[in-house]
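Here is the file my_file-v8.txt (compact mmCIF, C-alpha atoms and all ligand atoms).
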# COMPACT_ATOMS: atom_id res chain seq x y z
CA MET A 1 -71.85 18.93 38.93
CA LEU A 2 -68.63 20.66 37.92
CA LEU A 3 -67.51 20.99 34.30
CA VAL A 4 -63.77 21.52 33.78
CA LYS A 5 -63.47 22.63 30.19
CA ASN A 6 -60.88 23.66 27.61
CA GLY A 7 -57.95 22.14 29.53
CA ARG A 8 -55.00 20.18 28.18
CA VAL A 9 -55.48 16.85 29.90
CA ILE A 10 -52.30 14.97 30.76
CA ASP A 11 -53.04 11.51 32.10
CA PRO A 12 -49.96 9.26 32.35
CA ALA A 13 -51.97 6.14 33.23
CA ARG A 14 -53.48 6.30 29.72
CA ASN A 15 -50.64 8.15 28.03
CA THR A 16 -53.15 10.87 27.12
CA ASP A 17 -52.14 14.42 26.24
CA THR A 18 -55.07 16.14 24.54
CA LEU A 19 -57.79 18.78 24.91
CA LEU A 20 -60.70 17.31 26.85
CA ASP A 21 -63.64 18.48 28.92
CA ILE A 22 -64.37 16.65 32.16
CA LEU A 23 -67.70 16.51 33.95
CA LEU A 24 -67.57 15.72 37.65
CA ASP A 25 -70.58 14.48 39.56
CA GLY A 26 -69.81 14.58 43.27
CA GLU A 27 -67.29 11.91 44.23
CA ARG A 28 -66.91 10.53 40.71
CA ILE A 29 -65.94 11.57 37.19
CA ALA A 30 -69.14 11.35 35.13
CA GLU A 31 -67.94 12.03 31.61
CA VAL A 32 -64.79 12.77 29.64
CA ALA A 33 -65.22 14.08 26.11
CA PRO A 34 -63.42 16.05 23.41
CA ARG A 35 -63.53 19.80 23.88
CA GLY A 36 -67.00 21.30 23.42
CA LYS A 37 -68.87 17.99 23.30
CA ILE A 38 -70.40 18.14 26.79
CA SER A 39 -73.32 20.53 26.77
CA SER A 40 -72.87 23.08 29.54
CA SER A 41 -76.40 24.43 29.20
CA ASN A 42 -77.61 22.38 32.14
CA GLY A 43 -76.45 24.88 34.76
CA PHE A 44 -73.27 23.07 35.79
CA GLU A 45 -70.66 25.01 37.67
CA THR A 46 -67.88 25.59 35.14
CA PHE A 47 -64.13 25.96 35.48
CA ASP A 48 -62.39 27.30 32.39
CA ALA A 49 -58.99 25.59 32.17
CA SER A 50 -57.91 27.29 28.93
CA GLU A 51 -54.10 27.43 28.69
CA LEU A 52 -53.85 25.13 31.74
CA ILE A 53 -52.90 21.51 32.31
CA VAL A 54 -55.51 19.25 33.87
CA ALA A 55 -54.04 16.21 35.60
CA PRO A 56 -55.34 13.45 37.87
CA GLY A 57 -55.29 14.60 41.49
CA PHE A 58 -51.77 14.78 42.90
CA ILE A 59 -50.93 12.39 45.76
CA ASP A 60 -48.26 13.16 48.35
CA LEU A 61 -46.96 9.92 49.86
CA HIS A 62 -45.09 11.62 52.69
CA ALA A 63 -46.25 14.45 54.96
CA HIS A 64 -46.37 15.34 58.62
CA LEU A 65 -49.60 17.03 59.71
CA ARG A 66 -48.60 17.08 63.41
CA GLU A 67 -52.10 16.35 64.71
CA PRO A 68 -52.69 14.95 67.26
CA GLY A 69 -50.23 16.43 69.71
CA GLN A 70 -48.16 19.14 68.02
CA GLU A 71 -50.88 21.53 66.92
CA SER A 72 -48.66 24.57 67.47
CA SER A 73 -46.67 23.45 64.41
CA GLU A 74 -49.53 22.26 62.18
CA THR A 75 -53.03 20.83 62.23
CA ILE A 76 -54.92 18.67 59.79
CA GLU A 77 -56.84 21.81 58.83
CA THR A 78 -53.83 24.10 58.22
CA GLY A 79 -51.65 21.42 56.68
CA THR A 80 -54.27 20.32 54.17
CA ARG A 81 -55.01 23.94 53.24
CA ALA A 82 -51.33 24.28 52.36
CA ALA A 83 -51.51 20.95 50.49
CA ALA A 84 -54.46 22.19 48.42
CA ARG A 85 -52.49 25.32 47.48
CA GLY A 86 -49.73 23.08 46.23
CA GLY A 87 -52.12 21.10 44.04
CA PHE A 88 -52.29 18.00 46.23
CA THR A 89 -55.66 16.26 46.43
CA ALA A 90 -54.52 13.53 48.84
CA VAL A 91 -51.78 13.46 51.46
CA CYS A 92 -50.46 10.47 53.37
CA CYS A 93 -49.65 11.53 56.93
CA MET A 94 -46.83 9.89 58.83
CA PRO A 95 -47.59 8.33 62.22
CA ASN A 96 -45.03 10.21 64.34
CA THR A 97 -47.68 12.30 66.07
CA LYS A 98 -48.28 12.49 69.84
CA PRO A 99 -49.58 9.90 70.49
CA VAL A 100 -48.04 7.89 67.68
CA ASN A 101 -50.59 6.49 65.23
CA ASP A 102 -50.00 2.89 66.27
CA SER A 103 -53.60 1.89 66.97
CA ALA A 104 -57.00 1.92 65.29
CA SER A 105 -58.26 4.57 67.72
CA VAL A 106 -55.59 7.09 66.68
CA THR A 107 -56.19 6.26 63.02
CA ARG A 108 -59.91 6.88 63.51
CA PHE A 109 -59.20 10.16 65.33
CA ILE A 110 -57.12 11.39 62.36
CA LEU A 111 -59.79 10.37 59.86
CA ASP A 112 -62.53 12.03 61.95
CA ARG A 113 -60.53 15.26 62.16
CA ALA A 114 -59.91 15.07 58.43
CA LYS A 115 -63.61 14.64 57.75
CA ALA A 116 -64.39 17.71 59.84
CA ALA A 117 -61.57 20.02 58.83
CA ALA A 118 -59.45 18.87 55.89
CA SER A 119 -59.35 20.56 52.47
CA VAL A 120 -58.01 17.44 50.77
CA ARG A 121 -58.07 13.70 51.36
CA VAL A 122 -55.99 12.48 54.30
CA TRP A 123 -54.65 8.93 54.12
CA PRO A 124 -53.03 7.92 57.40
CA ILE A 125 -49.92 5.79 57.59
CA GLY A 126 -49.76 3.58 60.67
CA ALA A 127 -46.70 2.89 62.79
CA ALA A 128 -44.83 -0.34 62.13
CA SER A 129 -44.02 -0.83 65.81
CA VAL A 130 -45.76 0.14 69.04
CA GLY A 131 -44.93 3.79 69.68
CA SER A 132 -42.49 3.49 66.73
CA LYS A 133 -40.09 2.26 69.41
CA GLY A 134 -38.83 -0.63 67.34
CA GLU A 135 -39.68 -3.30 69.90
CA ALA A 136 -43.11 -4.87 69.37
CA ILE A 137 -45.04 -4.93 66.11
CA ALA A 138 -48.03 -2.54 66.07
CA GLU A 139 -51.67 -3.55 65.58
CA ILE A 140 -51.36 -3.31 61.83
CA ALA A 141 -54.44 -5.34 60.86
CA ALA A 142 -56.70 -3.30 63.14
CA MET A 143 -55.24 -0.07 61.77
CA LYS A 144 -55.76 -1.29 58.23
CA GLN A 145 -59.37 -1.98 59.09
CA ALA A 146 -59.59 1.60 60.41
CA GLY A 147 -58.12 3.07 57.23
CA ILE A 148 -54.32 3.18 57.07
CA VAL A 149 -52.77 2.88 53.60
CA ALA A 150 -49.24 1.82 54.62
CA VAL A 151 -46.99 1.40 57.66
CA SER A 152 -43.79 3.19 58.62
CA ASP A 153 -41.75 4.12 61.68
CA ASP A 154 -40.81 7.32 59.83
CA GLY A 155 -38.58 9.70 61.67
CA LYS A 156 -36.47 6.63 62.18
CA PRO A 157 -35.97 3.25 60.51
CA ILE A 158 -37.64 0.07 61.66
CA ALA A 159 -35.13 -0.62 64.40
CA THR A 160 -33.91 -4.13 63.66
CA ALA A 161 -33.76 -6.45 60.67
CA LYS A 162 -35.71 -9.02 62.65
CA LEU A 163 -38.57 -6.63 63.32
CA ALA A 164 -38.48 -5.31 59.75
CA ARG A 165 -38.81 -8.87 58.49
CA GLN A 166 -41.77 -9.49 60.77
CA VAL A 167 -43.48 -6.24 59.69
CA MET A 168 -42.88 -7.06 56.02
CA GLU A 169 -44.31 -10.56 56.37
CA TYR A 170 -47.37 -9.17 58.09
CA CYS A 171 -47.85 -6.38 55.54
CA ARG A 172 -47.41 -8.78 52.67
CA SER A 173 -50.38 -10.78 53.88
CA LEU A 174 -52.39 -7.54 54.30
CA ASP A 175 -51.15 -6.30 50.90
CA ILE A 176 -50.00 -2.88 52.09
CA PRO A 177 -46.56 -1.33 51.58
CA VAL A 178 -43.92 -0.91 54.25
CA ILE A 179 -42.46 2.60 53.95
CA GLU A 180 -38.92 2.75 55.26
CA HIS A 181 -37.05 5.79 56.55
CA ALA A 182 -33.73 4.23 55.64
CA GLU A 183 -31.05 5.20 58.11
CA ASP A 184 -28.37 3.33 60.00
CA VAL A 185 -28.68 5.17 63.29
CA SER A 186 -25.18 4.22 64.42
CA LEU A 187 -23.64 5.85 61.33
CA ALA A 188 -25.94 8.88 61.64
CA ALA A 189 -25.58 9.40 65.39
CA GLY A 190 -25.01 13.04 66.29
CA ALA A 191 -24.95 14.23 62.68
CA VAL A 192 -26.79 17.35 61.57
CA MET A 193 -25.89 17.35 57.87
CA ARG A 194 -24.23 15.22 55.17
CA GLU A 195 -20.57 14.38 55.79
CA GLY A 196 -18.25 16.00 53.27
CA VAL A 197 -16.14 19.03 52.46
CA THR A 198 -18.94 21.40 53.47
CA SER A 199 -19.57 19.79 56.86
CA THR A 200 -15.83 19.96 57.55
CA ARG A 201 -15.65 23.62 56.52
CA LEU A 202 -18.69 24.51 58.65
CA GLY A 203 -17.49 22.41 61.58
CA LEU A 204 -20.78 20.53 61.73
CA ALA A 205 -21.11 16.80 62.42
CA GLY A 206 -21.93 14.91 59.23
CA MET A 207 -23.40 11.53 58.36
CA PRO A 208 -22.03 9.62 55.37
CA ALA A 209 -24.21 8.65 52.42
CA ALA A 210 -23.84 5.08 53.64
CA ALA A 211 -26.00 5.93 56.66
CA GLU A 212 -28.88 5.68 54.21
CA SER A 213 -27.65 3.11 51.69
CA VAL A 214 -26.65 0.52 54.32
CA CYS A 215 -30.26 0.45 55.51
CA VAL A 216 -31.60 0.35 51.94
CA ALA A 217 -29.42 -2.72 51.36
CA ARG A 218 -30.94 -4.40 54.41
CA ASP A 219 -34.46 -3.61 53.28
CA VAL A 220 -33.92 -4.77 49.70
CA GLN A 221 -32.62 -8.09 51.05
CA LEU A 222 -35.64 -8.38 53.32
CA ALA A 223 -38.00 -7.50 50.46
CA GLU A 224 -36.48 -10.44 48.63
CA LEU A 225 -36.82 -12.70 51.64
CA THR A 226 -40.44 -11.79 52.38
CA GLY A 227 -41.89 -10.80 49.00
CA ALA A 228 -43.29 -7.65 50.61
CA ARG A 229 -43.89 -4.28 48.96
CA VAL A 230 -41.12 -2.07 50.34
CA HIS A 231 -41.05 1.66 49.62
CA ILE A 232 -37.95 3.72 50.41
CA ALA A 233 -38.95 7.17 51.69
CA HIS A 234 -37.09 10.39 50.78
CA LEU A 235 -34.25 8.58 49.00
CA SER A 236 -31.28 10.93 48.80
CA ALA A 237 -28.10 8.99 47.98
CA LYS A 238 -26.75 7.68 44.71
CA GLY A 239 -25.85 4.32 46.25
CA SER A 240 -29.41 3.87 47.53
CA LEU A 241 -30.84 4.63 44.11
CA GLU A 242 -28.56 2.09 42.45
CA GLN A 243 -29.82 -0.57 44.84
CA VAL A 244 -33.45 0.27 44.09
CA ARG A 245 -32.71 0.17 40.37
CA SER A 246 -31.16 -3.28 40.57
CA ALA A 247 -33.90 -4.56 42.91
CA LYS A 248 -36.49 -3.53 40.33
CA GLN A 249 -34.51 -5.23 37.58
CA ARG A 250 -34.60 -8.40 39.68
CA GLY A 251 -38.38 -8.13 39.91
CA LEU A 252 -38.60 -7.23 43.59
CA ARG A 253 -41.50 -5.08 44.73
CA VAL A 254 -39.27 -2.21 45.80
CA SER A 255 -40.17 1.42 45.09
CA CYS A 256 -38.89 4.82 46.14
CA GLU A 257 -39.73 8.51 46.39
CA VAL A 258 -37.54 11.61 46.10
CA THR A 259 -38.24 15.04 47.60
CA PRO A 260 -38.08 18.34 45.73
CA HIS A 261 -35.41 19.65 48.12
CA HIS A 262 -33.12 16.71 47.40
CA PHE A 263 -33.38 17.15 43.63
CA THR A 264 -32.97 20.95 43.91
CA LEU A 265 -30.37 21.63 46.61
CA THR A 266 -27.08 20.12 47.80
CA ASP A 267 -25.05 20.18 51.01
CA GLU A 268 -23.19 23.18 49.57
CA ASP A 269 -26.35 25.23 50.18
CA VAL A 270 -26.14 24.66 53.96
CA GLN A 271 -24.93 27.83 55.72
CA TYR A 272 -25.82 27.49 59.41
CA ASP A 273 -29.40 28.22 58.34
CA SER A 274 -31.82 25.78 59.99
CA ARG A 275 -34.18 26.02 57.02
CA TYR A 276 -31.64 23.81 55.24
CA LYS A 277 -31.65 21.17 57.96
CA MET A 278 -33.63 18.05 57.24
CA ASN A 279 -33.23 14.28 57.47
CA PRO A 280 -31.95 12.78 55.27
CA PRO A 281 -29.74 15.82 54.89
CA LEU A 282 -29.04 17.64 51.63
CA ALA A 283 -26.63 15.43 49.72
CA ALA A 284 -23.66 15.87 47.42
CA ARG A 285 -23.80 17.14 43.84
CA GLU A 286 -23.29 13.64 42.44
CA ASP A 287 -26.23 12.38 44.48
CA ARG A 288 -28.44 15.14 43.10
CA GLU A 289 -27.36 14.26 39.56
CA ALA A 290 -28.18 10.60 40.20
CA LEU A 291 -31.63 11.51 41.56
CA LEU A 292 -32.34 13.64 38.49
CA ALA A 293 -31.35 10.67 36.30
CA GLY A 294 -33.58 8.34 38.35
CA LEU A 295 -36.50 10.74 38.08
CA ALA A 296 -36.05 10.75 34.31
CA ASP A 297 -35.47 7.04 33.69
CA GLY A 298 -38.30 5.62 35.81
CA THR A 299 -36.30 4.30 38.76
CA VAL A 300 -37.99 6.83 41.04
CA ASP A 301 -41.70 6.15 41.51
CA ALA A 302 -42.91 9.35 43.11
CA ILE A 303 -42.09 12.88 44.15
CA ALA A 304 -43.05 13.26 47.82
CA THR A 305 -42.72 16.43 49.87
CA ASP A 306 -41.79 15.19 53.37
CA HIS A 307 -43.67 18.35 54.47
CA ALA A 308 -42.32 18.66 58.03
CA PRO A 309 -43.60 21.81 59.73
CA HIS A 310 -41.99 23.10 62.92
CA GLU A 311 -43.32 26.21 64.65
CA PRO A 312 -40.89 29.15 64.39
CA ALA A 313 -39.81 28.98 68.05
CA LEU A 314 -38.50 25.45 67.55
CA LYS A 315 -36.66 26.16 64.32
CA ASP A 316 -35.24 29.63 65.09
CA VAL A 317 -32.27 28.28 67.03
CA GLU A 318 -28.68 27.31 66.27
CA PHE A 319 -28.28 24.83 63.40
CA ASP A 320 -27.07 22.11 65.76
CA ARG A 321 -30.12 22.37 68.02
CA ALA A 322 -32.88 22.85 65.42
CA PRO A 323 -35.17 19.92 64.60
CA PHE A 324 -34.91 18.26 61.18
CA GLY A 325 -37.45 19.12 58.50
CA ILE A 326 -38.84 21.74 56.15
CA THR A 327 -42.30 22.52 54.78
CA GLY A 328 -42.94 21.46 51.21
CA PHE A 329 -46.51 21.31 49.89
CA GLU A 330 -46.65 24.72 48.23
CA THR A 331 -43.33 24.59 46.37
CA ALA A 332 -43.18 20.94 45.20
CA LEU A 333 -44.86 21.32 41.82
CA SER A 334 -43.07 24.57 40.98
CA LEU A 335 -39.69 23.06 41.90
CA ALA A 336 -40.45 20.00 39.78
CA LEU A 337 -41.34 22.23 36.82
CA GLU A 338 -38.18 24.28 37.37
CA GLN A 339 -35.72 21.45 37.93
CA LEU A 340 -37.21 18.72 35.75
CA VAL A 341 -39.40 20.13 32.99
CA HIS A 342 -38.13 23.63 32.17
CA SER A 343 -34.56 22.30 32.37
CA GLY A 344 -35.45 19.73 29.70
CA ARG A 345 -34.55 16.73 31.86
CA VAL A 346 -38.03 15.18 32.12
CA SER A 347 -41.15 15.34 29.97
CA LEU A 348 -44.28 16.96 31.35
CA MET A 349 -46.02 13.56 31.07
CA ARG A 350 -43.33 11.92 33.23
CA MET A 351 -43.44 14.72 35.81
CA VAL A 352 -47.21 14.31 36.12
CA GLU A 353 -46.69 10.56 36.54
CA LEU A 354 -44.40 11.24 39.50
CA PHE A 355 -47.23 13.11 41.25
CA THR A 356 -50.16 10.87 40.22
CA SER A 357 -50.05 7.33 38.86
CA GLY A 358 -46.57 6.80 40.33
CA PRO A 359 -47.52 7.34 43.99
CA ALA A 360 -50.90 5.68 43.35
CA ARG A 361 -49.12 2.51 42.20
CA VAL A 362 -47.03 2.47 45.39
CA LEU A 363 -50.31 2.38 47.34
CA GLY A 364 -51.85 -0.21 45.02
CA LEU A 365 -54.30 2.35 43.58
CA GLU A 366 -55.05 3.70 40.15
CA ARG A 367 -55.08 7.38 39.26
CA THR A 368 -56.55 8.24 35.88
CA ILE A 369 -59.12 10.53 34.29
CA ALA A 370 -62.02 8.31 33.25
CA PRO A 371 -65.68 7.84 34.11
CA ASN A 372 -66.28 6.42 37.58
CA GLN A 373 -62.81 7.37 38.84
CA PRO A 374 -62.56 9.66 41.90
CA ALA A 375 -63.37 13.27 40.94
CA ASP A 376 -59.96 14.62 41.98
CA LEU A 377 -58.06 16.89 39.61
CA THR A 378 -54.98 19.08 39.81
CA ILE A 379 -55.09 22.04 37.45
CA PHE A 380 -51.81 23.84 36.90
CA SER A 381 -49.92 26.26 34.72
CA THR A 382 -46.41 25.67 33.37
CA GLU A 383 -45.99 29.40 32.79
CA HIS A 384 -47.58 31.33 35.66
CA ALA A 385 -44.94 33.63 37.17
CA TRP A 386 -45.09 33.95 40.95
CA THR A 387 -42.96 34.34 44.06
CA TYR A 388 -43.30 32.02 47.04
CA GLU A 389 -43.87 34.15 50.13
CA VAL A 390 -43.83 31.92 53.18
CA LYS A 391 -45.68 34.51 55.27
CA GLU A 392 -48.75 33.97 53.06
CA SER A 393 -48.82 30.22 53.70
CA PRO A 394 -51.82 28.74 55.53
CA SER A 395 -49.35 26.39 57.23
CA LYS A 396 -48.62 27.23 60.86
CA SER A 397 -44.91 26.90 60.15
CA ARG A 398 -42.46 28.98 58.16
CA ASN A 399 -39.48 26.65 57.78
CA SER A 400 -38.91 26.74 54.03
CA PRO A 401 -35.58 27.43 52.32
CA PHE A 402 -37.55 28.57 49.26
CA ASP A 403 -39.04 31.73 50.79
CA GLY A 404 -38.81 34.53 48.22
CA ARG A 405 -37.95 32.19 45.31
CA LYS A 406 -39.36 33.19 41.93
CA PHE A 407 -41.07 30.44 39.97
CA LYS A 408 -42.46 29.82 36.52
CA GLY A 409 -45.45 27.49 36.83
CA ALA A 410 -47.82 26.75 39.67
CA ALA A 411 -50.91 24.95 40.84
CA MET A 412 -53.95 26.99 39.79
CA ALA A 413 -56.82 24.93 41.22
CA THR A 414 -57.29 21.77 43.24
CA VAL A 415 -60.44 19.74 42.85
CA VAL A 416 -61.30 17.15 45.49
CA ALA A 417 -64.39 14.94 45.29
CA GLY A 418 -65.90 17.12 42.61
CA ARG A 419 -65.48 20.40 44.48
CA ILE A 420 -62.93 23.17 44.04
CA ALA A 421 -60.90 22.86 47.26
CA TRP A 422 -58.73 25.85 46.37
CA LYS A 423 -58.03 28.09 43.42
CA ARG A 424 -55.43 30.77 42.85
ZN ZN B 1 -38.28 10.22 57.31

As structure tokens, please, write out the structure in this file.
Amino acid sequence: MLLVKNGRVIDPARNTDTLLDILLDGERIAEVAPRGKISSSNGFETFDASELIVAPGFIDLHAHLREPGQESSETIETGTRAAARGGFTAVCCMPNTKPVNDSASVTRFILDRAKAAASVRVWPIGAASVGSKGEAIAEIAAMKQAGIVAVSDDGKPIATAKLARQVMEYCRSLDIPVIEHAEDVSLAAGAVMREGVTSTRLGLAGMPAAAESVCVARDVQLAELTGARVHIAHLSAKGSLEQVRSAKQRGLRVSCEVTPHHFTLTDEDVQYDSRYKMNPPLAAREDREALLAGLADGTVDAIATDHAPHEPALKDVEFDRAPFGITGFETALSLALEQLVHSGRVSLMRMVELFTSGPARVLGLERTIAPNQPADLTIFSTEHAWTYEVKESPSKSRNSPFDGRKFKGAAMATVVAGRIAWKR
């Protein structure tokens, strides 16, 4: 039994913002009561959350844990340790491992490794197509049986509209979301950053914003055709966001996530430094402004990290040759506090929603603090001053553009299944 007491509980699913004590009994929340009402004389382990926010456990819809196959960049053990330090209690891992998670046996391998070595919950995402090659549909029903929570060919889009339709129809009957890495590969071919004044000045090949929004348009149309739940991953462009907004207004089951790097940085920050190279690339100022507006007004459903570790040897090369992706677990909450809450753009309640009930809804789950709910909590400070030092990260990779950044606010403890998985 673990008693989390004296905390300010913010629970968007119930619109609660009040001082509560929470008693956890193993996997489940046993009791929630006003401060001081739960007797702690029974020898419970106690966590004093005075001056801290207590939220439902944060869920990251989008991460790469690199296991199986690329363990020199990350493992389920190291990645989930980094996730716990960022306040995440559950991470969805993308299927672009080696081998690709396109079968129940790979899904089971990931879940077995997670059971043995993970600090937080690991929810695998299965491939939409065999090998994510965009040809034949993967064994989605068998993977769902084994434990996947969604499908995606992330790293690339589902290759053709015909296949995307087929995957959506299949996933609709299984009631799981299709997560789309929206990219028109013909428009993006050869590009290493966003097309614009900066790419011209740097002499780097750029992709237009339409490389993303053309594919979002396709997927919104197919969501309408099939009735499927379609989730746009790492949405970065204003035009994409406008399409999601209008799809929602039309009642389609379309959702989207935004990454901290896209709401914090722009293409102007790119300076031949591979830590600023990711896909989709950092966008224009007007895109960032649109994302901030979408995060505030409810169009965006979730903040997701797209944690994409690459071992230093892979990333320490010329910008053109470096792989896409940056790490993200440990800086996501602090960047959200900095960019959204301390700036006055978004309420604390709404920010917590973007990490909890928002992503839960995308997966068809509930995230709230109430008896019988999973005993997962994220405990954080809005004030704690700290500096992110990438060399202290438990991740095997170091590819963060936020190394050395000073923050106000941080995760202070992560509780998974009633146990403290990490505390500062
Ligand atoms: Zn992606």

Between chain A and ligand ZN 1 (chain B), at 6 Å or less, what are the per-residue closest atom pairs and their distances in Å? Count only C-alpha atoms and all ligand atoms, order by chain and rising residue number, and return it as JSON lines.
{"residue": "A:Asp154", "atom": "CA", "partner": "B:ZN1", "partner_atom": "ZN", "distance": 4.6}
{"residue": "A:Gly155", "atom": "CA", "partner": "B:ZN1", "partner_atom": "ZN", "distance": 4.4}
{"residue": "A:His181", "atom": "CA", "partner": "B:ZN1", "partner_atom": "ZN", "distance": 4.7}

Do you know which residues are at most 8 Å from A:Ala421 counting only C-alpha atoms, after dropping those on the same chain fewer than 3 positions away, and could you put them as a list in words?
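Residues near the query, excluding close chain neighbours: Ala84, Ser119, Val120, Ala413, Thr414, Val415 and Val416 of chain A.
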
Identify which of the residues A:Glu353, A:Asp25, A:Asp17, A:Glu67 lies closest to A:Asp376, counting only C-alpha atoms when measuring atom-to-atom distances.
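That would be A:Asp25, the residue with the smallest distance to A:Asp376.
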
Restricting the calculation to only C-alpha atoms: of A:Glu195, A:Arg165, A:Asp273, A:Val214, which residue gets closest to A:Gly227?
A:Arg165

Among the residues A:His234, A:Cys256, A:Asp403, A:Ser73, the one that comes closest to A:Lys315 [using all atoms listed in the file]:
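Between A:His234, A:Cys256, A:Asp403, A:Ser73, the residue approaching A:Lys315 most closely is A:Ser73.
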
Nearest-residue call for A:Phe324, choices A:Asp306, A:Glu31, A:Asp269, A:Glu51, using all atoms listed in the file:
A:Asp306

Would you work out the distance separating atom CA of A:Ala182 from atom CA of A:Ile303, expressed in Å to one decimal?
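Between these atoms lies a distance of 16.6 Å.
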
Would you work out the distance separating atom CA of A:Leu20 from atom CA of A:Val346, expressed in Å to one decimal?
23.4 Å

Which one is closest to A:Leu163: A:Ser132, A:Thr259, A:Ser343, A:Gln373? Count only C-alpha atoms.
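Looking at the shortest contact to A:Leu163, the residue is A:Ser132.
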
Quick one: everything within 6 Å of stretch 379-381 of chain A, counting all atoms listed in the file, minus sequence neighbours fewer than 4 positions away in the same chain. Send it as number ranges by chain.
A: 52-54, 409-413

Which residue out of A:Glu45, A:Leu377, A:Leu354, A:Val192 has the minimum interatomic distance to A:Gly7 when all atoms listed in the file are used?
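Distance minimum relative to A:Gly7 lands on A:Leu377.
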
Identify, on the basis of only C-alpha atoms, every residue whose closest approach to A:Met349 does not exceed 8 Å; exclude the query and any residue fewer than 2 positions from it along the same chain; express the result as a list in words.
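Everything that qualifies: Ile10, Asp11, Pro12, Asn15, Asp17, Ser347, Met351, Val352 and Glu353 of chain A.
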
If we draw a sphere of 10 Å around (-35.5, -3.2, 64.8), which residues have at least one atom in it when counting only C-alpha atoms? Please report them as a PyMOL selection string.
chain A and resi 129+132-137+157-167

Separation of atom CA of A:Pro208 from atom CA of A:Asp316, in Å and rounded to one decimal:
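Computed distance, atom CA of A:Pro208 to atom CA of A:Asp316, equals 25.9 Å.
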
Using all atoms listed in the file, determine which residues lie at most 8 Å from A:Gly328, disregarding the query and same-chain residues fewer than 2 positions distant; provide the list as a PDB file with C-alpha atoms, keeping the file's coordinate frame.
ATOM      1  CA  PRO A 260     -38.080  18.340  45.730  1.00  0.00           C
ATOM      2  CA  THR A 305     -42.720  16.430  49.870  1.00  0.00           C
ATOM      3  CA  ASP A 306     -41.790  15.190  53.370  1.00  0.00           C
ATOM      4  CA  HIS A 307     -43.670  18.350  54.470  1.00  0.00           C
ATOM      5  CA  ALA A 308     -42.320  18.660  58.030  1.00  0.00           C
ATOM      6  CA  ILE A 326     -38.840  21.740  56.150  1.00  0.00           C
ATOM      7  CA  GLU A 330     -46.650  24.720  48.230  1.00  0.00           C
ATOM      8  CA  THR A 331     -43.330  24.590  46.370  1.00  0.00           C
ATOM      9  CA  ALA A 332     -43.180  20.940  45.200  1.00  0.00           C
ATOM     10  CA  SER A 400     -38.910  26.740  54.030  1.00  0.00           C
TER      11      SER A 400
END

Find the residues around A:Ala191 up to 7 Å (only C-alpha atoms counted), leave out those fewer than 2 positions away in its own chain, and share them as a list in words.
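That gives Ala188, Ala189, Met193, Ala205, Gly206 and Met207 of chain A.
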
Could you please take those selected residues and save C-alpha atoms as a PDB file, in the coordinates of the input?
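That gives us result05.pdb:
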ATOM      1  CA  ALA A 188     -25.940   8.880  61.640  1.00  0.00           C
ATOM      2  CA  ALA A 189     -25.580   9.400  65.390  1.00  0.00           C
ATOM      3  CA  MET A 193     -25.890  17.350  57.870  1.00  0.00           C
ATOM      4  CA  ALA A 205     -21.110  16.800  62.420  1.00  0.00           C
ATOM      5  CA  GLY A 206     -21.930  14.910  59.230  1.00  0.00           C
ATOM      6  CA  MET A 207     -23.400  11.530  58.360  1.00  0.00           C
TER       7      MET A 207
END
